[in-house]
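Enquirer: I am attaching a structure below and will ask some questions about it afterwards.
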Amino acid sequence: MNSLKYTMTLLLAAGSLSAIAQKKDNTLYPEGIQHVVVIGVDGLSPDGIRQAATPVLHKMITEGSVKWNVRTVLPSSSSSNWASMIMGAGVEQHGITDNDWERDAHSLPAIVRNEEGIFPTIFGVLRNNYPQAEIGAVYHWGGFGRLFEKHAVSYDKTFSTEDSTTQAFTAYLQKKPLFAFLHLDHVDGAGHEHGHGSTAYYQAVSKADSLIGEVLTGIKKAGIAQQTLVIVTADHGGVGYGHGGATPEETEIAMILYGKGIRKGYLIPEQVATYDLAATIAFALKTVPPYVWIGRPLRSAFEGFAAPSNLWLGKSLLSAPVIEPKKYLYQQAGGLYINTTAQVSISTTAQDAVTRYTLDGSQPDHTSPRYTQAFTLKKSTVVRAASFDKKDNESSPAVAYYRLVDSTQGNGLRVQLYTGQGWKYLPLFKDLTPVKEWQAYEFALNREQLLSMPDRQNGVFGIVFTGYLQIDTSGEYTFYNSSDDGSKLFVDEKEVVNNDGNHGVTERSGSILLSAGRHPIRVEFYNGEGGFWLDAFYKGPGLYKQLIPADKLFLNRQ
């Protein structure tokens, strides 16, 4: 074969391979999606969607695809997770470790930075791929605006209310953007002010549902509904009055895909994290993501695409049973019962499952008693329950602490209230004069009582609990303080737990050897600002971790 013929053969072969590759490339992406609209609702939990009145979201779930347990990055705070969602990577890659992060003030630089000095986001990636496209962001929380490339957006606005933010966004949709991102902040605000799972929180979720309905109407008005993919998601959930920790309530969110090219009534089987959002948007708009992204598209949610062949599901985690009285905000399930017995009722929430329980604080297994009907407790008891199905799947345990006390036995603690200003750490209470004193049965804050006290100034106050702890068996005991803000726990005048400083609900622990008998115990607490909480737990010989029960706390040594 002469050189000319050889060259022509190679060119023809290359052309054929190119045509084959091009044909193959056309099957790599969904067809017909011309617009992607993301609605991010700050602080929206799966529980909020399920429990609040959310007809719009439920319609989207019925007619689209959903993943109920998307995992956030840690910490489960806003900046870290909004960044991960639009940056296709986690904190380790983009370096946005907390809400204090700023472009010119941070501790961990991104492992790669673009021309604006930040990790590449879906906004910038789409701008590079579609230089003339209409791309915009409208956001309720101003902090969202520092997370994406300003040069990449055609429209960049922030507004002070959820209503004005949504109105501006629906008006912007009339420009038929390739990609548009709406951020709503009011649900998170309700969680911080009133508590996650409160009536006000669910009302805020319902308001978000109605605003999402307005967005869908805006998409139809723009004439792009038949070519638009809509994704609804969140940055984190919450527990009590906050978030940022590593509990399922804080670190699990839902992601809903609806519209063009999306399977109907589909539960997404892939394991999903917040950073998979950016990869999914890129996938829908036929864009190759940067190599540095670690997110993966939710392929099986799209018509014509199957779940990964190497998807490893392992054992399913069933939903946990609910023990009544159930947990509310930070308040543990169970309760304090004075001069009465306690009634225990357990609800099985997992389908085709049975619930088994223990009364000594140990983990239930297949040999534990099966729950069939409510029962009565006559003494302080830790109840644990777990559900099991026929496929050997099981739930996380539910736990409830029932504290029963007889008011004639001398149980209780002395409580002193102090006020101050500008506290960042626990003050020296011995140098201060209490403004009010009373007695309580356990280390707990009565929120309604404290909020109603005129002596509680500027949200800054301190509480000191003193009493005696009955130890029945000698040995090593571990104590735990869970508080917002700072606290310390002392036994026999020795500091056992130091949980000082301004912070959200955080748990710290410490251990001490104790002999049988009554020991002086003191818990010091302060609130620097905003919400507040306090719990005290212990464990020791023959005792699983539990709230320190009221019947073991006394006003006097004898």
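Identifiers in this document derive from the order of the structure tokens: chains are assigned A, B, ..., residues are numbered from 1 separately in each chain, and ligands are numbered from 1 in order of occurrence.
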Find the residues around A:Asn411 up to 7 Å (only C-alpha atoms counted), leave out those fewer than 6 positions away in its own chain, and share them as an MDAnalysis selection string.
Expert: chainID A and resid 441 550:551 553:555
Enquirer: For the selection just defined, write its residues with N, CA and C atoms to a file, as a PDB file, in the first residue's frame.
Expert:
```pdb
ATOM      1  N   TYR A 441     -36.247  19.291  89.921  1.00  0.00           N
ATOM      2  CA  TYR A 441     -35.968  17.873  90.133  1.00  0.00           C
ATOM      3  C   TYR A 441     -34.779  17.362  89.315  1.00  0.00           C
ATOM      4  N   ALA A 550     -34.124  11.813  88.077  1.00  0.00           N
ATOM      5  CA  ALA A 550     -34.504  12.665  89.203  1.00  0.00           C
ATOM      6  C   ALA A 550     -34.492  11.919  90.530  1.00  0.00           C
ATOM      7  N   ASP A 551     -34.765  10.620  90.518  1.00  0.00           N
ATOM      8  CA  ASP A 551     -34.813   9.890  91.781  1.00  0.00           C
ATOM      9  C   ASP A 551     -33.422   9.601  92.342  1.00  0.00           C
ATOM     10  N   LEU A 553     -31.164  12.251  92.468  1.00  0.00           N
ATOM     11  CA  LEU A 553     -30.695  13.588  92.836  1.00  0.00           C
ATOM     12  C   LEU A 553     -31.423  14.051  94.092  1.00  0.00           C
ATOM     13  N   PHE A 554     -30.635  14.572  95.057  1.00  0.00           N
ATOM     14  CA  PHE A 554     -31.208  14.926  96.364  1.00  0.00           C
ATOM     15  C   PHE A 554     -30.769  16.331  96.774  1.00  0.00           C
ATOM     16  N   LEU A 555     -31.630  16.952  97.609  1.00  0.00           N
ATOM     17  CA  LEU A 555     -31.320  18.287  98.118  1.00  0.00           C
ATOM     18  C   LEU A 555     -30.258  18.238  99.207  1.00  0.00           C
TER      19      LEU A 555
END
```
Enquirer: From a backbone DSSP assignment, name each residue in stretch 92-238 of chain A labelled strand (DSSP E), as a VMD selection string.
Expert: chain A and resid 135 to 139 155 to 158 179 to 184 228 to 233
Enquirer: Quick one: everything within 9 Å of A:Ile471, counting only C-alpha atoms, minus sequence neighbours fewer than 2 positions away in the same chain. Send it as JSON, numbers by chain.
Expert: {"A": [469, 473, 474, 514, 515, 516, 517, 518, 519, 552]}
Enquirer: Tell me which protein, DNA and RNA residues are within 12 Å of A:Pro120, counting only C-alpha atoms, leaving out same-chain ones fewer than 5 positions away, and put them as a JSON list (two decimals) with C-alpha atoms, in the first residue's frame.
Expert:
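Listing of around_30.json after writing:
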```json
[["chain", "number", "residue", "atom", "x", "y", "z"],
["A", 83, "ALA", "CA", -21.03, 25.65, 48.39],
["A", 84, "SER", "CA", -20.89, 21.87, 48.06],
["A", 85, "MET", "CA", -24.18, 21.83, 46.16],
["A", 86, "ILE", "CA", -23.02, 24.28, 43.48],
["A", 87, "MET", "CA", -19.33, 23.27, 43.53],
["A", 88, "GLY", "CA", -19.77, 19.53, 43.03],
["A", 89, "ALA", "CA", -17.34, 18.73, 45.84],
["A", 93, "GLN", "CA", -11.92, 20.28, 48.15],
["A", 94, "HIS", "CA", -13.51, 23.76, 48.20],
["A", 95, "GLY", "CA", -12.33, 24.80, 51.67],
["A", 110, "ALA", "CA", -9.48, 25.45, 47.75],
["A", 111, "ILE", "CA", -7.38, 22.77, 46.08],
["A", 112, "VAL", "CA", -7.97, 24.56, 42.77],
["A", 113, "ARG", "CA", -9.14, 28.14, 42.19],
["A", 114, "ASN", "CA", -10.61, 29.92, 39.21],
["A", 115, "GLU", "CA", -10.12, 33.49, 38.04],
["A", 125, "VAL", "CA", -18.84, 25.71, 34.27],
["A", 126, "LEU", "CA", -22.07, 26.43, 32.38],
["A", 127, "ARG", "CA", -20.84, 29.90, 31.42],
["A", 128, "ASN", "CA", -17.71, 28.38, 29.88],
["A", 147, "LEU", "CA", -20.22, 31.45, 46.85],
["A", 148, "PHE", "CA", -20.42, 31.66, 43.04],
["A", 149, "GLU", "CA", -18.54, 33.43, 40.23],
["A", 150, "LYS", "CA", -20.00, 36.88, 39.64],
["A", 152, "ALA", "CA", -20.81, 33.82, 35.29],
["A", 278, "ALA", "CA", -23.96, 20.25, 40.47],
["A", 289, "PRO", "CA", -17.91, 18.62, 34.77],
["A", 290, "PRO", "CA", -14.41, 19.56, 35.94],
["A", 291, "TYR", "CA", -12.17, 16.67, 36.92],
["A", 292, "VAL", "CA", -11.82, 18.15, 40.42],
["A", 293, "TRP", "CA", -15.52, 17.64, 41.16]]
```
Enquirer: What does the distance from atom CA of A:Glu524 to atom CA of A:Val464 come to in Å, to one decimal?
Expert: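 Interatomic distance here is 4.6 Å.
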